[in-house]
$ cat protein15.txt   # compact mmCIF, C-alpha atoms
# COMPACT_ATOMS: atom_id res chain seq x y z
CA MET A 1 52.50 44.30 6.04
CA ALA A 2 49.26 43.67 7.91
CA GLU A 3 46.16 43.12 5.81
CA GLN A 4 43.90 46.17 5.74
CA LYS A 5 40.49 45.58 7.30
CA ARG A 6 37.36 46.09 5.26
CA ASP A 7 34.74 48.60 6.29
CA TYR A 8 32.35 47.00 8.81
CA TYR A 9 29.27 48.25 6.96
CA GLU A 10 30.64 46.76 3.75
CA VAL A 11 31.30 43.44 5.50
CA LEU A 12 27.67 43.16 6.65
CA GLY A 13 26.31 44.66 3.45
CA VAL A 14 24.31 47.42 5.17
CA ASP A 15 24.19 51.21 5.00
CA LYS A 16 25.45 53.50 7.78
CA SER A 17 21.83 54.43 8.44
CA ALA A 18 20.86 50.78 9.10
CA ASP A 19 18.96 50.22 12.33
CA GLU A 20 19.71 47.52 14.92
CA ALA A 21 17.25 44.97 13.44
CA THR A 22 18.74 45.33 9.95
CA ILE A 23 22.29 44.89 11.27
CA LYS A 24 21.27 41.84 13.27
CA LYS A 25 19.49 40.25 10.30
CA ALA A 26 22.47 40.84 8.01
CA TYR A 27 24.89 39.27 10.50
CA ARG A 28 22.61 36.32 11.16
CA ASN A 29 22.53 35.46 7.43
CA LEU A 30 26.33 35.71 7.13
CA ALA A 31 26.95 33.76 10.34
CA LYS A 32 24.65 30.98 9.22
CA LYS A 33 26.38 30.83 5.82
CA TYR A 34 29.99 30.89 7.03
CA HIS A 35 29.79 29.25 10.48
CA PRO A 36 32.68 26.77 10.93
CA ASP A 37 30.30 24.00 11.96
CA ALA A 38 28.54 24.34 8.61
CA ASN A 39 31.84 24.57 6.71
CA PRO A 40 34.27 22.15 8.41
CA GLY A 41 37.85 22.59 7.28
CA ASP A 42 37.09 25.67 5.15
CA ALA A 43 39.63 28.30 6.21
CA GLU A 44 38.13 30.97 3.94
CA ALA A 45 34.64 30.50 5.41
CA GLU A 46 36.07 30.70 8.94
CA LYS A 47 37.85 33.93 8.04
CA LYS A 48 34.66 35.49 6.70
CA PHE A 49 32.75 34.31 9.76
CA LYS A 50 35.21 36.01 12.10
CA GLU A 51 35.19 39.15 9.97
CA ALA A 52 31.37 39.34 10.08
CA SER A 53 31.33 38.60 13.83
CA GLU A 54 33.81 41.41 14.50
CA ALA A 55 31.72 43.83 12.42
CA TYR A 56 28.55 42.83 14.27
CA ALA A 57 30.19 43.12 17.69
CA VAL A 58 30.95 46.76 16.91
CA LEU A 59 27.88 47.87 14.98
CA SER A 60 25.40 46.18 17.35
CA ASP A 61 26.78 48.16 20.32
CA PRO A 62 25.59 51.81 20.20
CA GLU A 63 28.72 53.19 21.91
CA LYS A 64 31.17 51.17 19.80
CA LYS A 65 29.21 52.07 16.69
CA ARG A 66 29.49 55.77 17.56
CA GLN A 67 33.25 55.42 18.04
CA TYR A 68 33.66 53.52 14.78
CA ASP A 69 31.62 56.09 12.84
CA GLN A 70 33.90 58.81 14.22
CA PHE A 71 37.36 57.20 14.15
CA GLY A 72 36.99 54.08 12.00
CA HIS A 73 39.16 51.03 12.81
CA ALA A 74 41.58 53.25 14.72
CA ALA A 75 39.04 53.44 17.53
CA PHE A 76 39.83 49.81 18.46
CA ASP A 77 43.52 49.44 17.63
CA GLY A 78 45.33 47.55 20.37
CA GLY A 79 42.21 45.82 21.70
CA ALA A 80 42.96 42.75 23.77
CA GLY A 81 42.35 39.20 22.52
CA GLY A 82 39.84 38.12 19.92
CA ALA A 83 40.35 37.57 16.22
CA GLY A 84 42.83 39.92 14.59
CA GLY A 85 43.48 41.68 17.88
CA PHE A 86 39.83 42.65 18.40
CA ASP A 87 38.25 42.28 21.83
CA PHE A 88 34.99 40.27 21.74
CA ASN A 89 34.48 40.55 25.48
CA GLY A 90 31.16 42.14 26.24
CA ALA A 91 29.66 41.32 22.82
CA ASP A 92 26.33 39.53 23.19
CA PHE A 93 25.88 36.68 20.69
CA SER A 94 23.64 34.47 22.81
CA ASP A 95 20.28 35.34 21.27
CA ILE A 96 21.55 35.11 17.74
CA PHE A 97 23.54 31.87 18.18
CA GLY A 98 20.51 30.14 19.66
CA ASP A 99 18.88 30.54 16.26
CA ILE A 100 22.01 29.83 14.24
CA PHE A 101 22.93 26.60 16.01
CA GLY A 102 19.32 25.53 15.69
CA ASP A 103 19.35 26.16 11.94
CA ILE A 104 22.61 24.30 11.47
CA PHE A 105 21.91 21.25 13.63
CA SER A 106 18.15 20.79 13.41
CA GLY A 107 17.43 21.19 9.72
CA GLY A 108 16.37 24.84 9.77
CA ARG A 109 14.21 24.82 12.92
CA SER A 110 15.46 26.93 15.76
CA ARG A 111 16.15 25.09 18.98
CA GLY A 112 15.38 28.20 20.90
CA GLY A 113 11.65 27.79 20.32
CA ALA A 114 9.17 25.37 21.85
CA ASN A 115 10.09 21.81 20.97
CA ASN A 116 7.36 19.88 22.71
CA GLY A 117 4.38 21.28 20.83
CA PRO A 118 1.98 19.22 18.70
CA MET A 119 3.66 17.56 15.71
CA LYS A 120 2.09 15.77 12.76
CA GLY A 121 2.77 12.04 12.50
CA ALA A 122 4.88 10.41 9.82
CA ASN A 123 3.41 9.33 6.47
CA LEU A 124 2.91 5.67 5.59
CA ARG A 125 3.67 4.37 2.09
CA THR A 126 2.26 1.43 0.20
CA SER A 127 1.64 0.41 -3.40
CA VAL A 128 -1.14 -1.10 -5.50
CA ARG A 129 -1.16 -2.70 -8.96
CA ILE A 130 -3.71 -1.59 -11.55
CA THR A 131 -4.37 -2.25 -15.24
CA PHE A 132 -3.76 0.15 -18.11
CA GLU A 133 -7.49 0.84 -18.45
CA GLU A 134 -7.90 1.40 -14.68
CA ALA A 135 -5.18 4.02 -14.83
CA VAL A 136 -6.97 5.74 -17.72
CA PHE A 137 -10.45 5.85 -16.22
CA GLY A 138 -9.75 5.56 -12.47
CA CYS A 139 -10.93 2.87 -10.08
CA LYS A 140 -11.25 1.82 -6.45
CA LYS A 141 -8.85 -0.62 -4.85
CA GLU A 142 -8.66 -2.33 -1.47
CA ILE A 143 -5.42 -2.05 0.48
CA GLU A 144 -4.31 -3.54 3.80
CA LEU A 145 -2.13 -1.55 6.22
CA THR A 146 -0.69 -2.10 9.65
CA VAL A 147 -1.57 1.07 11.57
CA LYS A 148 -1.23 2.20 15.17
CA GLU A 149 -4.53 2.39 17.04
CA THR A 150 -4.96 3.94 20.47
CA CYS A 151 -4.39 1.36 23.20
CA LYS A 152 -7.71 0.65 24.93
CA THR A 153 -6.01 -0.54 28.11
CA CYS A 154 -4.35 2.79 28.91
CA ASN A 155 -6.44 5.03 26.63
CA GLY A 156 -3.29 6.13 24.85
CA SER A 157 -1.43 7.41 27.91
CA GLY A 158 1.17 4.62 27.80
CA ALA A 159 0.98 4.29 31.59
CA LYS A 160 -0.16 1.26 33.51
CA PRO A 161 -3.85 1.50 34.48
CA GLY A 162 -4.14 3.29 37.83
CA THR A 163 -1.00 5.36 37.18
CA THR A 164 -0.29 8.50 35.18
CA PRO A 165 2.76 9.88 33.36
CA GLN A 166 4.94 12.08 35.58
CA THR A 167 6.47 15.43 34.78
CA CYS A 168 10.04 14.96 33.55
CA SER A 169 12.46 15.96 36.31
CA LYS A 170 15.30 16.72 33.93
CA CYS A 171 13.51 19.39 31.88
CA GLY A 172 10.70 20.27 34.30
CA GLY A 173 8.07 19.35 31.72
CA LYS A 174 9.38 21.78 29.09
CA GLY A 175 10.71 19.09 26.80
CA GLN A 176 14.00 20.95 26.43
CA VAL A 177 17.23 21.33 28.33
CA VAL A 178 19.58 24.29 28.21
CA TYR A 179 23.33 23.82 27.87
CA THR A 180 26.29 26.07 27.21
CA GLN A 181 28.93 25.67 24.54
CA GLN A 182 32.43 27.09 24.54
CA SER A 183 33.38 28.98 21.36
CA PHE A 184 36.02 31.54 20.47
CA PHE A 185 33.44 34.19 21.42
CA GLY A 186 33.08 32.79 24.92
CA MET A 187 30.24 30.70 26.34
CA VAL A 188 27.22 30.31 24.03
CA ARG A 189 23.84 29.29 25.40
CA ASN A 190 21.96 26.61 23.45
CA VAL A 191 18.86 24.44 23.76
CA GLN A 192 18.22 20.80 22.81
CA THR A 193 15.49 18.19 23.14
CA CYS A 194 15.38 16.57 26.56
CA PRO A 195 17.02 13.12 26.25
CA ASP A 196 14.91 11.64 29.08
CA CYS A 197 11.42 12.43 27.81
CA GLN A 198 12.27 12.93 24.11
CA GLY A 199 10.61 16.32 24.16
CA SER A 200 7.24 15.22 25.54
CA GLY A 201 7.81 16.69 29.00
CA LYS A 202 6.43 13.49 30.57
CA VAL A 203 8.08 10.32 31.86
CA ILE A 204 6.23 7.03 32.30
CA LYS A 205 7.39 5.24 35.43
CA GLU A 206 5.13 2.16 35.05
CA LYS A 207 4.40 1.31 31.43
CA CYS A 208 1.22 -0.28 30.12
CA VAL A 209 1.86 -4.00 29.53
CA ASP A 210 -0.24 -4.08 26.34
CA CYS A 211 1.32 -1.17 24.42
CA ARG A 212 4.64 -1.12 26.37
CA GLY A 213 4.35 2.56 27.07
CA THR A 214 3.76 3.72 23.49
CA GLY A 215 0.04 4.32 23.88
CA TYR A 216 -0.67 2.50 20.60
CA ILE A 217 -1.33 -1.05 19.42
CA PRO A 218 -0.43 -2.13 15.83
CA MET A 219 -3.46 -3.43 13.94
CA LYS A 220 -4.12 -4.58 10.38
CA LYS A 221 -6.90 -2.63 8.69
CA ARG A 222 -8.37 -2.56 5.20
CA TYR A 223 -9.14 0.64 3.34
CA SER A 224 -10.73 1.50 0.02
CA VAL A 225 -8.52 3.87 -1.97
CA GLU A 226 -9.81 6.02 -4.81
CA ILE A 227 -7.45 5.92 -7.80
CA PRO A 228 -8.02 9.07 -9.89
CA ALA A 229 -8.48 8.88 -13.66
CA GLY A 230 -5.33 9.74 -15.60
CA ILE A 231 -2.84 8.63 -12.96
CA ASP A 232 0.43 7.31 -14.40
CA ASN A 233 2.86 4.59 -13.39
CA GLY A 234 4.91 5.59 -10.33
CA GLN A 235 2.58 8.39 -9.23
CA SER A 236 0.89 8.35 -5.81
CA THR A 237 -2.49 9.24 -4.43
CA ARG A 238 -2.85 10.58 -0.88
CA MET A 239 -5.18 9.35 1.87
CA PRO A 240 -5.05 12.07 4.55
CA GLY A 241 -5.13 11.34 8.27
CA LEU A 242 -4.49 7.58 8.10
CA GLY A 243 -0.74 7.57 8.76
CA GLU A 244 1.33 7.42 11.93
CA PRO A 245 -0.08 9.12 15.06
CA GLY A 246 1.13 12.61 15.86
CA THR A 247 2.99 13.52 19.02
CA ASN A 248 1.80 15.75 21.84
CA GLY A 249 -1.69 15.95 20.38
CA GLY A 250 -0.58 16.47 16.78
CA PRO A 251 -2.62 15.09 13.85
CA ARG A 252 -1.93 11.79 12.13
CA GLY A 253 0.20 11.65 9.03
CA ASP A 254 -1.09 10.56 5.62
CA VAL A 255 -0.98 7.36 3.58
CA LEU A 256 0.69 7.66 0.17
CA VAL A 257 -0.39 4.93 -2.26
CA GLU A 258 1.92 4.46 -5.25
CA VAL A 259 0.33 2.92 -8.34
CA ILE A 260 2.08 0.34 -10.51
CA VAL A 261 0.43 0.23 -13.93
CA GLY A 262 0.58 -3.03 -15.87
CA ARG A 263 1.68 -3.19 -19.52
CA HIS A 264 -0.92 -3.25 -22.28
CA PRO A 265 -0.53 -5.67 -25.23
CA ILE A 266 -1.15 -3.02 -27.92
CA PHE A 267 -1.25 0.41 -26.25
CA GLN A 268 1.65 2.54 -25.13
CA ARG A 269 1.31 5.76 -23.15
CA GLN A 270 3.27 8.99 -23.16
CA ASP A 271 1.93 11.66 -20.79
CA PHE A 272 -1.77 11.83 -21.76
CA ASP A 273 -1.41 10.45 -25.29
CA ILE A 274 -1.80 6.81 -26.39
CA PHE A 275 0.07 5.15 -29.26
CA SER A 276 -0.65 1.93 -31.16
CA THR A 277 -0.01 0.21 -34.50
CA VAL A 278 -2.75 -1.15 -36.78
CA PRO A 279 -2.16 -3.39 -39.84
CA MET A 280 -3.89 -2.77 -43.20
CA SER A 281 -3.87 -4.75 -46.44
CA PHE A 282 -2.09 -3.56 -49.55
CA ALA A 283 -5.42 -3.30 -51.34
CA VAL A 284 -6.87 -1.00 -48.66
CA ALA A 285 -3.71 1.12 -48.71
CA ALA A 286 -3.81 1.44 -52.50
CA LEU A 287 -7.56 1.73 -53.09
CA GLY A 288 -8.73 3.13 -49.78
CA GLY A 289 -11.11 1.48 -47.39
CA GLU A 290 -11.89 0.90 -43.75
CA VAL A 291 -9.77 -0.39 -40.88
CA VAL A 292 -10.96 -1.12 -37.38
CA ILE A 293 -8.90 0.53 -34.61
CA ASP A 294 -9.02 -0.55 -30.96
CA THR A 295 -9.10 2.35 -28.48
CA VAL A 296 -9.64 2.57 -24.73
CA ASP A 297 -13.21 3.67 -25.53
CA GLY A 298 -13.87 0.70 -27.81
CA LYS A 299 -13.51 0.01 -31.53
CA VAL A 300 -13.38 2.86 -34.05
CA VAL A 301 -13.82 2.50 -37.84
CA TYR A 302 -11.34 4.68 -39.73
CA ASP A 303 -11.53 5.53 -43.47
CA VAL A 304 -8.15 5.03 -45.12
CA LYS A 305 -7.48 7.35 -48.08
CA PRO A 306 -6.38 5.80 -51.42
CA GLY A 307 -2.61 5.72 -51.83
CA THR A 308 -1.85 5.68 -48.09
CA GLN A 309 1.75 4.69 -47.47
CA THR A 310 2.94 2.33 -44.76
CA ASP A 311 3.92 3.94 -41.40
CA THR A 312 1.37 6.71 -41.93
CA ARG A 313 0.31 8.13 -38.55
CA VAL A 314 -3.26 9.24 -37.92
CA ARG A 315 -4.65 11.09 -34.93
CA LEU A 316 -7.82 10.22 -33.06
CA LYS A 317 -8.54 13.41 -31.16
CA GLY A 318 -9.73 13.07 -27.57
CA LYS A 319 -9.26 9.29 -27.45
CA GLY A 320 -6.27 9.44 -25.10
CA VAL A 321 -5.92 9.63 -21.31
CA PRO A 322 -7.96 12.13 -19.23
CA SER A 323 -5.97 14.79 -17.41
CA TRP A 324 -6.09 14.30 -13.64
CA ARG A 325 -6.00 18.10 -13.33
CA ASN A 326 -9.09 18.57 -15.50
CA LYS A 327 -11.38 15.62 -16.23
CA ASP A 328 -12.87 17.44 -19.24
CA VAL A 329 -9.48 17.43 -21.00
CA ARG A 330 -8.16 14.30 -22.69
CA GLY A 331 -5.08 13.45 -24.70
CA ASP A 332 -5.13 11.95 -28.20
CA HIS A 333 -4.63 8.48 -29.66
CA TYR A 334 -2.00 8.24 -32.40
CA VAL A 335 -2.22 5.22 -34.72
CA THR A 336 0.52 4.07 -37.09
CA LEU A 337 -0.91 2.30 -40.16
CA VAL A 338 1.37 -0.46 -41.43
CA ILE A 339 0.86 -2.44 -44.64
CA GLN A 340 0.74 -6.13 -43.79
CA THR A 341 2.32 -8.48 -46.32
CA PRO A 342 0.67 -11.92 -46.43
CA ASP A 343 3.08 -14.83 -45.98
CA LYS A 344 0.77 -17.48 -47.47
CA LEU A 345 -0.84 -17.05 -50.92
CA SER A 346 -2.83 -19.41 -53.14
CA HIS A 347 -1.71 -20.12 -56.69
CA GLU A 348 -4.52 -17.94 -58.04
CA ALA A 349 -3.54 -15.07 -55.75
CA LYS A 350 0.07 -15.30 -56.86
CA GLU A 351 -0.91 -15.14 -60.53
CA LEU A 352 -3.12 -12.12 -59.90
CA LEU A 353 -0.28 -10.35 -58.11
CA ARG A 354 2.10 -11.05 -60.99
CA LYS A 355 -0.49 -9.72 -63.42
CA PHE A 356 -0.95 -6.64 -61.25
CA ASP A 357 2.80 -6.14 -61.15
CA GLU A 358 2.98 -6.22 -64.95
CA LEU A 359 0.05 -3.86 -65.38
CA THR A 360 1.48 -1.24 -63.03
CA GLY A 361 4.89 -1.45 -64.69
CA ASP A 362 6.50 -1.73 -61.31
CA SER A 363 8.07 -5.16 -61.43
CA LEU A 364 10.68 -5.41 -58.71
CA ASN A 365 12.30 -8.45 -60.30
CA ALA A 366 12.44 -7.18 -63.87
CA ALA A 367 16.23 -6.87 -64.00
CA SER A 368 16.93 -10.26 -62.48
CA LYS A 369 14.32 -11.91 -64.70
CA ALA A 370 15.92 -10.47 -67.83
CA GLY A 371 19.33 -11.77 -66.80
CA SER A 372 18.05 -15.25 -66.06
CA ASP A 373 17.44 -15.94 -69.85
CA LYS A 374 21.19 -15.77 -70.63
CA GLU A 375 23.40 -18.85 -70.57
CA PRO A 376 25.77 -18.87 -67.54
CA LYS A 377 29.43 -18.34 -68.39
CA GLU A 378 31.59 -21.43 -68.21
CA GLU A 379 34.25 -21.33 -65.51
CA PRO A 380 37.88 -22.23 -66.50
CA LYS A 381 38.70 -25.92 -65.98
CA ASP A 382 41.72 -25.06 -63.87
CA GLY A 383 39.37 -23.36 -61.39
CA LYS A 384 41.00 -19.99 -61.92
CA LYS A 385 38.76 -17.07 -62.77
CA LYS A 386 39.89 -14.64 -65.46
CA LYS A 387 40.71 -11.11 -64.50
CA PHE A 388 38.38 -8.43 -65.77
CA TRP A 389 41.01 -7.26 -68.29
CA GLU A 390 41.48 -10.74 -69.72
CA LYS A 391 39.51 -11.64 -72.85
$ encode --input "protein15.txt" --output "structure tokens"
Amino acid sequence: MAEQKRDYYEVLGVDKSADEATIKKAYRNLAKKYHPDANPGDAEAEKKFKEASEAYAVLSDPEKKRQYDQFGHAAFDGGAGGAGGFDFNGADFSDIFGDIFGDIFSGGRSRGGANNGPMKGANLRTSVRITFEEAVFGCKKEIELTVKETCKTCNGSGAKPGTTPQTCSKCGGKGQVVYTQQSFFGMVRNVQTCPDCQGSGKVIKEKCVDCRGTGYIPMKKRYSVEIPAGIDNGQSTRMPGLGEPGTNGGPRGDVLVEVIVGRHPIFQRQDFDIFSTVPMSFAVAALGGEVVIDTVDGKVVYDVKPGTQTDTRVRLKGKGVPSWRNKDVRGDHYVTLVIQTPDKLSHEAKELLRKFDELTGDSLNAASKAGSDKEPKEEPKDGKKKKFWEK
């Protein structure tokens, strides 16, 4: 039993009252999505593409649309050739496929349009190393780049002095050539960049000996780059208009400078906040006192409260990294206070600590000290230890 065809309006997803532009737009979207060239080897996509093409061939033709609205699919039963017995002869897909093939093969840009217009040049990329503090507050750095400067011999034309570029004979100066492609709908007209002039519309017969026909000479140049405050490792700052030259009168590209931020011996960064660890003595932790904290703004004296435990974290508001979006906004500096145990003590200091331990009633070695006064048990002479149930 033959598979029943879906309603053409349902296939394209339009109403019966849809005008020609709406029908064309709906088909274009489906054709782009299911075209075999965009879905190689996908039988289901090819089936949907043919189904949408058949629906468009009918609904885009006023007479065929009238017949379909009156008789449905029966109006075309027995048609010659085409997919599923439908006759595609007479259906005009040329204007729509010019756009579709362009979208599929040229990254979304139609090949039917002008291809030799002004185009912006490519971007150049480089990197620069900066310190932690330079990333926080911003700085200026010198960079060296090899850039293309206009050739003075030919004034950028690329042609030997005394000669000029000639109009391309292959494309007639349009920068594009038209070709036809055979498909199951018949011959489809398409457009591509001229291979002889690469889309410029001009051909240089005698090239400039200095720039070899490019119109540009590579030169090393130094630039001063402004590194904004708050930039982080791996981020880039842009220098507009210093990249590769454009084509056909287009503007230059940009230079993207990636920053590599060096490690800091005591600071660590997370987004716009800074983290560090500061030691304090046991006496300061127990009695309270002052500790000096290093920040990116300089030293800060912090009052430690009595009874502060080790690994206590304190917050220094506004002592972090400035936001590159808003210079008036800064992150915070979080400091972890850690009690530092001295590894070298004088005899007097040791005695004072023992006295302190006794006075606080918090002797850590009390149990072991009590056990050390007892005589050690004598081991059996045969070297065998008694079991716990043996007396």
$ residues_around --input "protein15.txt" --residues "Gln340 of chain A" --least-positions-apart "3" --cutoff "10 Å" --atoms "only C-alpha atoms" --output "ChimeraX atom specification"
/A:278-282,285,310,337,343
$ residues_around --input "protein15.txt" --residues "Pro251 of chain A" --least-positions-apart "5" --cutoff "8 Å" --atoms "all atoms listed in the file" --output "list of chain:residue names"
A:Pro118, A:Met119, A:Lys120, A:Gly121, A:Gly241, A:Pro245, A:Gly246
$ closest_residue --input "protein15.txt" --among "A:Arg263, A:Arg330, A:Lys152, A:Lys140" --to "Asn233 of chain A" --atoms "all atoms listed in the file"
A:Arg263
$ closest_residue --input "protein15.txt" --among "A:Asp37, A:Glu226, A:Glu133, A:Glu358" --to "Gln268 of chain A" --atoms "only C-alpha atoms"
A:Glu133
$ closest_residue --input "protein15.txt" --among "A:Asp303, A:Asp332, A:Asp7, A:Glu54" --to "Leu316 of chain A" --atoms "all atoms listed in the file"
A:Asp332
$ atom_distance --input "protein15.txt" --atom1 "atom CA of Val136 of chain A" --atom2 "atom CA of Ser224 of chain A"
18.6 Å
